[in-house]
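The file upload16.cif comes next; it holds mmCIF, C-alpha atoms and all ligand atoms.
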```cif
data_target
loop_
_atom_site.label_atom_id
_atom_site.label_comp_id
_atom_site.auth_asym_id
_atom_site.auth_seq_id
_atom_site.Cartn_x
_atom_site.Cartn_y
_atom_site.Cartn_z
CA MET Q 1 122.20 122.29 120.24
CA ASN Q 2 121.13 121.55 116.67
CA LYS Q 3 122.92 118.78 114.82
CA LYS Q 4 123.37 118.80 111.04
CA ILE Q 5 122.29 115.50 109.55
CA ASP Q 6 122.74 114.90 105.83
CA PHE Q 7 120.10 112.95 103.97
CA PHE Q 8 123.00 110.91 102.70
CA ASN Q 9 126.70 111.14 103.40
CA LEU Q 10 129.40 109.24 101.49
CA SER Q 11 132.48 110.65 103.17
CA ARG Q 12 132.20 108.73 106.46
CA GLN Q 13 132.11 105.41 104.62
CA TYR Q 14 135.06 106.43 102.47
CA LYS Q 15 137.13 107.49 105.48
CA LYS Q 16 136.44 104.19 107.28
CA ASN Q 17 137.45 102.06 104.29
CA LYS Q 18 139.96 104.39 102.65
CA THR Q 19 143.16 102.35 103.10
CA ASN Q 20 141.73 99.16 101.58
CA ILE Q 21 139.88 100.90 98.77
CA VAL Q 22 142.82 103.09 97.75
CA SER Q 23 145.11 100.06 97.68
CA ARG Q 24 142.63 98.23 95.40
CA ILE Q 25 142.42 101.26 93.09
CA ASN Q 26 146.23 101.42 93.02
CA GLU Q 27 146.36 97.81 91.82
CA VAL Q 28 144.33 98.81 88.77
CA LEU Q 29 146.50 101.85 88.17
CA GLU Q 30 149.65 99.73 88.36
CA ASN Q 31 148.26 97.05 86.02
CA GLN Q 32 146.50 99.58 83.79
CA THR Q 33 143.57 97.23 83.17
CA TYR Q 34 141.10 100.08 82.94
CA ILE Q 35 138.52 98.18 80.89
CA GLY Q 36 137.79 94.51 81.50
CA GLY Q 37 140.59 92.35 82.89
CA LYS Q 38 141.01 90.32 86.05
CA VAL Q 39 139.54 92.78 88.54
CA VAL Q 40 136.22 93.03 86.67
CA ALA Q 41 136.10 89.25 86.11
CA ASN Q 42 136.80 88.54 89.80
CA PHE Q 43 134.20 91.02 90.94
CA GLU Q 44 131.62 89.34 88.71
CA ILE Q 45 132.50 85.92 90.18
CA ASN Q 46 132.34 87.24 93.76
CA LEU Q 47 129.08 89.05 93.14
CA ALA Q 48 127.43 86.01 91.50
CA LYS Q 49 128.48 83.99 94.56
CA TYR Q 50 127.05 86.63 96.90
CA LEU Q 51 123.76 86.76 94.99
CA ASN Q 52 123.62 82.98 94.76
CA ALA Q 53 123.12 83.39 91.01
CA LYS Q 54 124.93 81.54 88.20
CA HIS Q 55 126.03 84.60 86.24
CA ALA Q 56 126.69 88.28 86.96
CA ILE Q 57 127.36 90.42 83.89
CA SER Q 58 128.47 93.89 84.87
CA CYS Q 59 127.73 97.02 82.87
CA ASN Q 60 127.69 100.79 82.98
CA SER Q 61 124.62 101.52 85.16
CA GLY Q 62 121.34 100.12 86.47
CA THR Q 63 119.61 101.83 83.55
CA ASP Q 64 121.87 99.99 81.09
CA ALA Q 65 121.27 96.73 82.98
CA LEU Q 66 117.52 97.18 82.39
CA LEU Q 67 118.00 98.05 78.71
CA MET Q 68 120.34 95.09 78.22
CA ALA Q 69 117.95 92.72 79.98
CA LEU Q 70 114.91 93.87 78.01
CA SER Q 71 116.87 93.72 74.75
CA VAL Q 72 118.28 90.21 75.12
CA ILE Q 73 115.02 88.79 76.44
CA GLY Q 74 113.59 89.86 73.08
CA LEU Q 75 111.19 92.71 73.90
CA LYS Q 76 109.85 94.02 70.60
CA GLU Q 77 108.15 97.13 69.30
CA ASN Q 78 104.50 97.41 70.38
CA GLU Q 79 104.70 94.69 72.98
CA ILE Q 80 103.35 95.34 76.46
CA VAL Q 81 105.26 95.10 79.74
CA LEU Q 82 103.31 95.20 83.01
CA THR Q 83 105.15 97.25 85.60
CA THR Q 84 104.81 99.43 88.69
CA PRO Q 85 104.06 103.16 88.60
CA PHE Q 86 105.92 103.70 91.86
CA SER Q 87 109.57 103.69 90.86
CA PHE Q 88 112.51 105.57 89.46
CA ILE Q 89 112.09 106.70 85.83
CA ALA Q 90 114.45 104.04 84.39
CA SER Q 91 112.13 101.10 85.07
CA GLY Q 92 109.59 102.68 82.69
CA SER Q 93 111.84 104.55 80.28
CA GLU Q 94 113.85 101.52 79.15
CA ILE Q 95 110.64 99.77 78.05
CA VAL Q 96 109.82 102.84 75.96
CA ALA Q 97 113.40 102.93 74.64
CA LEU Q 98 112.61 99.68 72.82
CA LYS Q 99 109.35 101.17 71.47
CA ALA Q 100 107.32 98.87 73.71
CA HIS Q 101 104.52 99.95 76.09
CA PRO Q 102 104.65 99.98 79.88
CA VAL Q 103 101.22 99.34 81.41
CA PHE Q 104 101.21 100.57 84.99
CA ILE Q 105 99.56 98.31 87.55
CA ASP Q 106 98.85 99.85 90.94
CA ILE Q 107 100.82 98.92 94.05
CA GLU Q 108 100.18 97.18 97.35
CA LYS Q 109 99.36 99.54 100.22
CA GLU Q 110 101.88 98.05 102.64
CA THR Q 111 104.97 97.16 100.58
CA HIS Q 112 104.52 99.79 97.81
CA ASN Q 113 105.43 97.04 95.32
CA ILE Q 114 103.37 96.02 92.27
CA ASP Q 115 100.17 94.25 93.38
CA PRO Q 116 99.87 90.73 91.88
CA THR Q 117 96.09 90.70 92.42
CA LYS Q 118 95.78 93.83 90.32
CA ILE Q 119 98.01 92.31 87.61
CA LYS Q 120 95.63 89.35 87.49
CA ASN Q 121 92.56 91.63 87.38
CA TRP Q 122 94.01 93.71 84.53
CA ILE Q 123 94.78 90.56 82.54
CA ASP Q 124 91.32 89.07 83.22
CA ASN Q 125 89.56 92.27 82.16
CA ASN Q 126 91.67 93.19 79.14
CA CYS Q 127 93.39 90.18 77.59
CA GLU Q 128 92.85 86.85 75.90
CA PHE Q 129 95.23 83.90 75.80
CA LYS Q 130 95.55 82.43 72.33
CA ASN Q 131 98.25 80.31 70.64
CA ASN Q 132 100.25 80.42 73.88
CA ASN Q 133 100.37 84.25 73.76
CA LEU Q 134 98.68 86.74 76.03
CA VAL Q 135 97.14 89.46 73.86
CA HIS Q 136 95.58 92.80 74.79
CA LYS Q 137 92.16 92.65 73.12
CA GLU Q 138 91.69 96.32 72.16
CA THR Q 139 95.10 96.90 70.61
CA GLY Q 140 96.09 93.37 69.60
CA TYR Q 141 99.47 93.93 71.27
CA LYS Q 142 101.21 90.99 72.90
CA VAL Q 143 101.82 91.12 76.64
CA ALA Q 144 105.45 89.97 76.77
CA GLY Q 145 106.49 90.15 80.41
CA ILE Q 146 106.40 91.72 83.86
CA LEU Q 147 108.95 94.14 85.28
CA PRO Q 148 108.53 94.33 89.08
CA VAL Q 149 110.69 96.71 91.12
CA ASP Q 150 111.89 95.75 94.63
CA ILE Q 151 111.16 99.21 95.88
CA PHE Q 152 113.21 100.71 98.70
CA GLY Q 153 114.94 97.34 99.27
CA GLN Q 154 112.03 94.95 99.80
CA CYS Q 155 111.29 92.16 97.29
CA ALA Q 156 108.02 92.15 95.38
CA ASP Q 157 105.74 89.14 95.87
CA TYR Q 158 107.37 86.82 93.34
CA GLU Q 159 105.46 83.75 94.49
CA LYS Q 160 102.24 85.31 93.24
CA ILE Q 161 103.86 87.05 90.25
CA LYS Q 162 105.43 83.77 89.09
CA ALA Q 163 102.08 81.98 89.22
CA ILE Q 164 100.88 84.55 86.65
CA THR Q 165 103.97 84.43 84.41
CA LYS Q 166 103.87 80.63 84.38
CA LYS Q 167 100.20 80.54 83.44
CA TYR Q 168 100.57 83.01 80.56
CA ASN Q 169 104.08 82.28 79.36
CA LEU Q 170 105.55 85.68 80.30
CA TRP Q 171 109.12 86.54 81.28
CA ILE Q 172 110.21 88.52 84.36
CA VAL Q 173 112.86 91.22 84.38
CA GLN Q 174 113.44 92.04 88.04
CA ASP Q 175 114.47 95.60 88.86
CA SER Q 176 116.49 95.01 92.02
CA CYS Q 177 118.45 98.24 91.65
CA GLN Q 178 117.54 99.16 95.24
CA ALA Q 179 117.61 95.67 96.75
CA ILE Q 180 121.07 94.14 96.72
CA GLY Q 181 121.24 91.68 99.63
CA ALA Q 182 117.48 91.48 100.16
CA CYS Q 183 115.63 88.17 100.05
CA ASP Q 184 111.97 87.20 99.88
CA LYS Q 185 109.90 85.27 102.42
CA ASN Q 186 111.17 81.98 100.92
CA ASN Q 187 114.75 83.10 101.56
CA ILE Q 188 115.43 83.52 97.83
CA MET Q 189 117.85 86.37 97.22
CA ALA Q 190 117.02 89.32 94.99
CA GLY Q 191 118.79 88.45 91.75
CA ASN Q 192 117.12 85.07 91.38
CA HIS Q 193 113.46 85.90 90.83
CA GLY Q 194 113.60 87.18 87.29
CA ASP Q 195 114.78 85.58 84.07
CA ILE Q 196 117.22 88.47 84.43
CA SER Q 197 117.62 90.73 87.49
CA CYS Q 198 119.14 94.20 87.37
CA PHE Q 199 121.15 96.09 89.97
CA SER Q 200 122.56 99.60 90.17
CA PHE Q 201 125.85 100.65 91.78
CA TYR Q 202 125.00 104.36 91.81
CA PRO Q 203 127.16 105.83 94.63
CA THR Q 204 124.32 106.12 97.17
CA LYS Q 205 123.04 102.57 96.62
CA ASN Q 206 123.64 99.97 99.37
CA LEU Q 207 126.61 98.81 97.28
CA GLY Q 208 127.81 102.02 95.65
CA ALA Q 209 130.64 102.65 93.20
CA PHE Q 210 132.70 105.84 92.85
CA GLY Q 211 130.75 106.59 89.67
CA ASP Q 212 128.14 104.76 87.62
CA GLY Q 213 127.88 100.99 87.46
CA GLY Q 214 125.36 98.17 87.20
CA VAL Q 215 124.95 94.44 86.72
CA CYS Q 216 122.57 91.85 85.26
CA ALA Q 217 122.27 88.59 87.19
CA THR Q 218 120.78 85.47 85.66
CA ASN Q 219 120.62 81.71 86.13
CA ASN Q 220 120.06 81.19 82.41
CA THR Q 221 123.35 80.52 80.62
CA LYS Q 222 121.97 81.33 77.14
CA LEU Q 223 120.77 84.75 78.34
CA ALA Q 224 124.13 85.30 80.08
CA GLU Q 225 125.94 84.69 76.79
CA LYS Q 226 123.64 87.15 75.01
CA LEU Q 227 124.23 89.75 77.74
CA LEU Q 228 127.99 89.33 77.43
CA ARG Q 229 127.77 89.96 73.71
CA TYR Q 230 125.27 92.81 74.01
CA ARG Q 231 127.43 94.85 76.40
CA ASN Q 232 130.34 94.57 73.99
CA HIS Q 233 128.88 95.68 70.65
CA GLY Q 234 127.30 92.29 69.92
CA ARG Q 235 130.78 90.83 69.60
CA LYS Q 236 131.06 87.03 69.71
CA ASP Q 237 134.81 86.84 69.33
CA HIS Q 238 137.54 88.96 67.82
CA TYR Q 239 135.83 91.18 65.21
CA ASN Q 240 132.97 88.75 64.78
CA TYR Q 241 129.70 90.59 65.48
CA THR Q 242 126.49 88.56 65.60
CA GLU Q 243 123.90 91.21 66.54
CA ARG Q 244 123.67 94.89 67.39
CA GLY Q 245 124.88 95.63 70.89
CA THR Q 246 126.29 98.59 72.74
CA ASN Q 247 129.27 99.67 74.82
CA SER Q 248 128.30 99.18 78.44
CA ARG Q 249 131.24 97.96 80.51
CA LEU Q 250 132.05 98.40 84.16
CA ASP Q 251 135.56 99.84 84.33
CA GLY Q 252 138.39 98.33 86.35
CA ILE Q 253 138.53 101.10 88.94
CA GLN Q 254 134.81 100.78 89.73
CA ALA Q 255 135.10 96.99 89.90
CA ALA Q 256 138.00 97.30 92.39
CA VAL Q 257 135.98 99.67 94.61
CA LEU Q 258 132.88 97.47 94.42
CA ASP Q 259 134.80 94.24 95.06
CA GLU Q 260 136.30 95.74 98.21
CA LYS Q 261 132.96 97.15 99.40
CA LEU Q 262 131.15 93.87 98.65
CA LYS Q 263 133.02 92.39 101.64
CA CYS Q 264 131.21 94.92 103.87
CA LEU Q 265 127.77 94.77 102.21
CA ASP Q 266 126.14 92.51 104.81
CA ASN Q 267 127.44 94.79 107.57
CA PHE Q 268 126.14 97.87 105.73
CA ASN Q 269 122.72 96.24 105.25
CA ASN Q 270 122.54 95.02 108.86
CA ARG Q 271 123.34 98.51 110.12
CA ARG Q 272 120.56 99.94 107.91
CA ARG Q 273 118.20 97.33 109.38
CA LYS Q 274 119.27 98.33 112.89
CA ILE Q 275 118.55 102.00 112.14
CA ALA Q 276 115.15 101.05 110.69
CA GLN Q 277 114.43 99.18 113.92
CA MET Q 278 115.35 102.27 115.95
CA TYR Q 279 112.99 104.42 113.84
CA ASN Q 280 110.27 101.77 114.28
CA ASN Q 281 110.70 101.74 118.06
CA GLU Q 282 110.82 105.52 118.45
CA LEU Q 283 108.04 106.47 116.02
CA CYS Q 284 105.57 103.59 116.37
CA ASP Q 285 103.16 105.45 118.65
CA ILE Q 286 102.70 108.48 116.42
CA GLU Q 287 99.21 108.47 114.89
CA SER Q 288 99.99 110.78 112.01
CA ILE Q 289 102.93 108.76 110.67
CA LYS Q 290 102.61 105.36 109.02
CA LEU Q 291 105.83 103.37 109.21
CA PRO Q 292 107.18 101.06 106.48
CA ARG Q 293 106.54 97.35 107.05
CA GLU Q 294 108.82 94.42 106.43
CA ILE Q 295 106.39 91.90 105.00
CA ASN Q 296 108.18 89.96 102.29
CA GLY Q 297 111.40 88.50 103.68
CA LYS Q 298 114.51 90.56 104.46
CA HIS Q 299 114.21 94.28 103.73
CA ILE Q 300 117.57 96.03 103.26
CA TYR Q 301 116.19 99.57 103.65
CA HIS Q 302 117.77 101.35 100.74
CA GLN Q 303 115.23 103.93 101.82
CA TYR Q 304 113.20 104.26 105.01
CA CYS Q 305 110.01 106.00 103.89
CA VAL Q 306 107.12 106.99 106.11
CA LYS Q 307 103.65 108.05 105.01
CA LEU Q 308 102.36 111.29 106.50
CA LYS Q 309 98.68 111.49 107.44
CA ASN Q 310 97.07 114.95 107.38
CA ILE Q 311 100.41 116.73 107.66
CA ASP Q 312 101.59 119.49 105.34
CA ARG Q 313 104.67 117.75 103.91
CA GLU Q 314 106.51 120.87 102.71
CA ASN Q 315 106.07 122.54 106.07
CA PHE Q 316 107.12 119.44 107.95
CA MET Q 317 110.26 119.02 105.81
CA GLN Q 318 111.22 122.68 106.19
CA ASN Q 319 110.78 122.57 109.97
CA LEU Q 320 113.01 119.50 110.15
CA LYS Q 321 115.55 121.17 107.90
CA ASP Q 322 115.60 124.19 110.22
CA LYS Q 323 116.62 121.77 112.96
CA GLY Q 324 119.36 120.30 110.77
CA VAL Q 325 117.50 117.17 109.61
CA ASN Q 326 117.45 116.68 105.85
CA THR Q 327 114.72 114.52 104.33
CA ASN Q 328 113.71 113.72 100.76
CA ILE Q 329 110.73 112.68 98.65
CA TYR Q 330 110.71 109.38 96.76
CA TYR Q 331 108.72 109.74 94.55
CA PRO Q 332 106.85 113.02 94.09
CA LYS Q 333 105.35 111.76 90.82
CA GLY Q 334 104.37 108.25 89.72
CA LEU Q 335 105.51 106.92 86.33
CA ASN Q 336 101.83 106.75 85.30
CA GLN Q 337 101.85 110.55 85.54
CA ILE Q 338 104.76 110.98 83.15
CA GLU Q 339 103.32 111.66 79.73
CA PHE Q 340 105.89 110.14 77.41
CA LEU Q 341 105.66 106.79 79.20
CA SER Q 342 101.94 106.27 78.49
CA THR Q 343 101.18 107.34 74.96
CA GLU Q 344 98.25 105.07 74.04
CA GLU Q 345 94.91 106.03 75.52
CA ASN Q 346 93.58 102.47 75.87
CA LEU Q 347 96.67 101.30 77.74
CA LYS Q 348 96.30 103.95 80.45
CA THR Q 349 95.33 102.70 83.91
CA ASN Q 350 94.26 104.14 87.23
CA CYS Q 351 96.77 103.89 90.07
CA PRO Q 352 95.09 105.58 93.06
CA ILE Q 353 97.29 103.97 95.73
CA SER Q 354 100.47 105.09 94.01
CA ASP Q 355 99.02 108.56 93.27
CA ASN Q 356 98.08 108.99 96.91
CA LEU Q 357 101.48 107.81 98.11
CA THR Q 358 103.36 110.30 95.94
CA GLU Q 359 101.60 113.07 97.87
CA SER Q 360 102.30 111.81 101.37
CA ILE Q 361 105.56 109.85 101.36
CA LEU Q 362 108.72 111.09 103.06
CA ALA Q 363 112.18 109.49 103.19
CA LEU Q 364 114.18 109.81 106.42
CA PRO Q 365 117.99 109.63 106.45
CA ILE Q 366 119.23 106.03 106.49
CA TRP Q 367 122.85 105.24 105.80
CA PRO Q 368 125.12 102.77 107.57
CA GLU Q 369 127.44 105.33 109.18
CA LEU Q 370 124.62 107.30 110.81
CA GLU Q 371 125.26 107.18 114.56
CA ASN Q 372 122.65 106.07 117.12
CA ASP Q 373 122.56 109.51 118.76
CA GLU Q 374 121.85 111.04 115.34
CA VAL Q 375 118.94 108.66 114.72
CA LEU Q 376 117.54 109.52 118.15
CA TYR Q 377 117.99 113.24 117.40
CA ILE Q 378 116.03 112.84 114.14
CA CYS Q 379 113.21 111.07 116.02
CA LYS Q 380 113.16 113.76 118.71
CA GLN Q 381 112.90 116.49 116.07
CA ILE Q 382 110.08 114.62 114.31
CA LYS Q 383 108.12 114.33 117.56
CA GLU Q 384 108.68 117.98 118.55
CA ASN Q 385 107.81 119.17 115.06
CA LEU Q 386 104.55 117.20 115.11
CA ASN Q 387 103.68 118.51 118.57
CA THR Q 388 104.14 122.08 117.32
CA LEU Q 389 102.09 121.41 114.17
CA ASN Q 390 99.31 119.81 116.25
CA PHE Q 391 99.39 122.70 118.72
CA LEU Q 392 99.07 125.22 115.86
CA LYS Q 393 96.24 123.17 114.34
CA GLU Q 394 94.40 123.18 117.65
CA ILE Q 395 94.74 126.99 117.98
CA ASN Q 396 93.46 127.39 114.42
CA ASN Q 397 90.49 125.13 115.11
CA ASN Q 398 89.65 127.09 118.25
CA ILE Q 399 89.76 130.39 116.34
CA LEU Q 400 87.51 128.95 113.63
CA LYS Q 401 85.07 127.66 116.28
CA LYS Q 402 84.95 131.10 117.91
CA GLN Q 403 84.34 132.78 114.54
CA ALA Q 404 81.47 130.38 113.67
C1 LIG Q 501 114.46 101.29 90.93
C2 LIG Q 501 115.60 101.77 90.10
N1 LIG Q 501 115.71 101.36 88.83
C3 LIG Q 501 116.72 101.76 88.05
C4 LIG Q 501 117.68 102.63 88.50
C5 LIG Q 501 118.74 103.11 87.57
O1 LIG Q 501 120.04 102.87 88.04
P1 LIG Q 501 121.26 103.83 87.57
O2 LIG Q 501 121.09 105.13 88.25
O3 LIG Q 501 122.47 103.08 88.01
O4 LIG Q 501 121.17 103.93 86.10
C6 LIG Q 501 117.62 103.09 89.81
C7 LIG Q 501 118.63 104.03 90.33
O5 LIG Q 501 118.39 105.02 90.92
C8 LIG Q 501 116.54 102.66 90.63
O6 LIG Q 501 116.43 103.10 91.89
#
```
Rewrite the structure of this file - the entire thing - as structure tokens.
Ligand SMILES: Cc1ncc(COP(=O)(O)O)c(C=O)c1O
Amino acid sequence: MNKKIDFFNLSRQYKKNKTNIVSRINEVLENQTYIGGKVVANFEINLAKYLNAKHAISCNSGTDALLMALSVIGLKENEIVLTTPFSFIASGSEIVALKAHPVFIDIEKETHNIDPTKIKNWIDNNCEFKNNNLVHKETGYKVAGILPVDIFGQCADYEKIKAITKKYNLWIVQDSCQAIGACDKNNIMAGNHGDISCFSFYPTKNLGAFGDGGVCATNNTKLAEKLLRYRNHGRKDHYNYTERGTNSRLDGIQAAVLDEKLKCLDNFNNRRRKIAQMYNNELCDIESIKLPREINGKHIYHQYCVKLKNIDRENFMQNLKDKGVNTNIYYPKGLNQIEFLSTEENLKTNCPISDNLTESILALPIWPELENDEVLYICKQIKENLNTLNFLKEINNNILKKQA
């Protein structure tokens, strides 16, 4: 009998943790500390401890975390930020929001993260280092920093990236929106690689709120102070405003939900890792599917994405859907292909690995409450679906041979 397997399902997690979460929400309702207050402050302390970072400054979303980070680090109009094309829109759009220029550097084949060797090549071929500034020769624009994304829950190669930023005096804003709880091969947790690191609490993230939410983590106290002011209208103390800021505050109800769920985060991540292991074991012998690889430390599998080789993706997805298995595509388009993100001709780059990946990648369901028998069912359907597709291909080939 067919099962029905959601690509993501929030209700099972809610049901399991309902009593504790509802009681935490009730605390906020009783105290009526809807904005700020003890619950938000405690969550920030607990999260900083979890991340092993000095400061955690919560805000309204991962997108806001990126905008706040780029603003307080001092990104200016017409400066360049080197970043990955293979990501969610926000990691490019917030650079453009400050009238700066993202330059997209292609990704590594295995991790799908920005490739440090290609960063180095782009700098060597296009820039000069003068007066302690890295400058793009053709435009005269300053290269200000690097914004790597820990895509799908695996850290970028910060050892190599940091060698570059140190040499050329660049900052790092780490987009860890998908990587809460991950660490790199040196056991350094996501949240500690950038001058500022950004996380999202979008409901389907590994640590998800009941609405929007985000946080900036930093070990730099001066930047932390700036972030605190920025999220609250640039306010230093009561009605004393020192710079332009915004309103980006995590509300008390979201903080209560997140603080309660934070206690379970390692369990959630370990369960995702277990499911990834099951997929690896079941699908490793299939020629036409390339599995994700855990290369740089601890992957927390926000997504489990496979690469399809010579398979019609739409067809494959539809066949799985007919059997009750829902899949998704992250990402069908690279940021280098989005026009408003690359407006200057001589800052455009080629990103063939990312372009190719956008055409062949497929995300399988991975969420902590997915049962083992459901994972096995998904694998069985994948195998049967591929057998049918291969069988049809063979018949087609035979017909073509006969016709020739
Ligand atoms: C890599 C990445 N960056 C940024 C964001 C933006 O986070 P939010 O949706 O909380 O604004 C997301 C969320 O989907 C993301 O996956």
For ligand LIG 501 (chain Q), take all atoms listed in the file, fit an axis-aligned box around them, add 3 Å to each of the six sides, then output centre and edge lengths in Å rounded to one decimal, as AutoDock Vina command-line options.
```
--center_x 118.5 --center_y 103.2 --center_z 89.0 --size_x 14.0 --size_y 9.8 --size_z 11.8
```
10 Å contact set for segment 64-74 of chain Q, all atoms listed in the file, chain neighbours under 5 positions out, as a PyMOL selection string: chain Q and resi 57-59+81+90-98+144-145+147+171-177+195-200+213-218+222-231+245-249
So that I can see what lies close to Ile311 of chain Q, please list as an mmCIF file with C-alpha atoms, in the coordinates of the input the residues with an atom at most 9 Å from it, counting only C-alpha atoms and leaving out residues fewer than 5 positions away in the same chain.
```cif
data_model
loop_
_atom_site.group_PDB
_atom_site.id
_atom_site.type_symbol
_atom_site.label_atom_id
_atom_site.label_comp_id
_atom_site.auth_asym_id
_atom_site.auth_seq_id
_atom_site.Cartn_x
_atom_site.Cartn_y
_atom_site.Cartn_z
ATOM 1 C CA SER Q 288 99.990 110.780 112.010
ATOM 2 C CA ILE Q 289 102.930 108.760 110.670
ATOM 3 C CA PHE Q 316 107.120 119.440 107.950
ATOM 4 C CA SER Q 360 102.300 111.810 101.370
ATOM 5 C CA LEU Q 386 104.550 117.200 115.110
ATOM 6 C CA LEU Q 389 102.090 121.410 114.170
#
```
d(atom CA of Phe104 of chain Q, atom CA of Thr84 of chain Q) in Å: 5.3 Å
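Take the candidates Q:Asn9, Q:Asn192, Q:Gln154, Q:Gln178 and check each one against ligand LIG 501 (chain Q) using all atoms listed in the file; the shortest distance goes to Q:Gln178.
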Residue nearest ligand LIG 501 (chain Q) - candidates Q:Tyr331, Q:Tyr168, Q:Phe7, Q:Phe129, atoms counted: only C-alpha atoms and all ligand atoms: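 Of Q:Tyr331, Q:Tyr168, Q:Phe7, Q:Phe129, the one nearest ligand LIG 501 (chain Q), counting only C-alpha atoms and all ligand atoms, is Q:Tyr331.
Counting all atoms listed in the file and comparing Q:Asn328, Q:Asn78, Q:Thr242, Q:Gln254, the residue that lies closest to Glu344 of chain Q is Q:Asn78.
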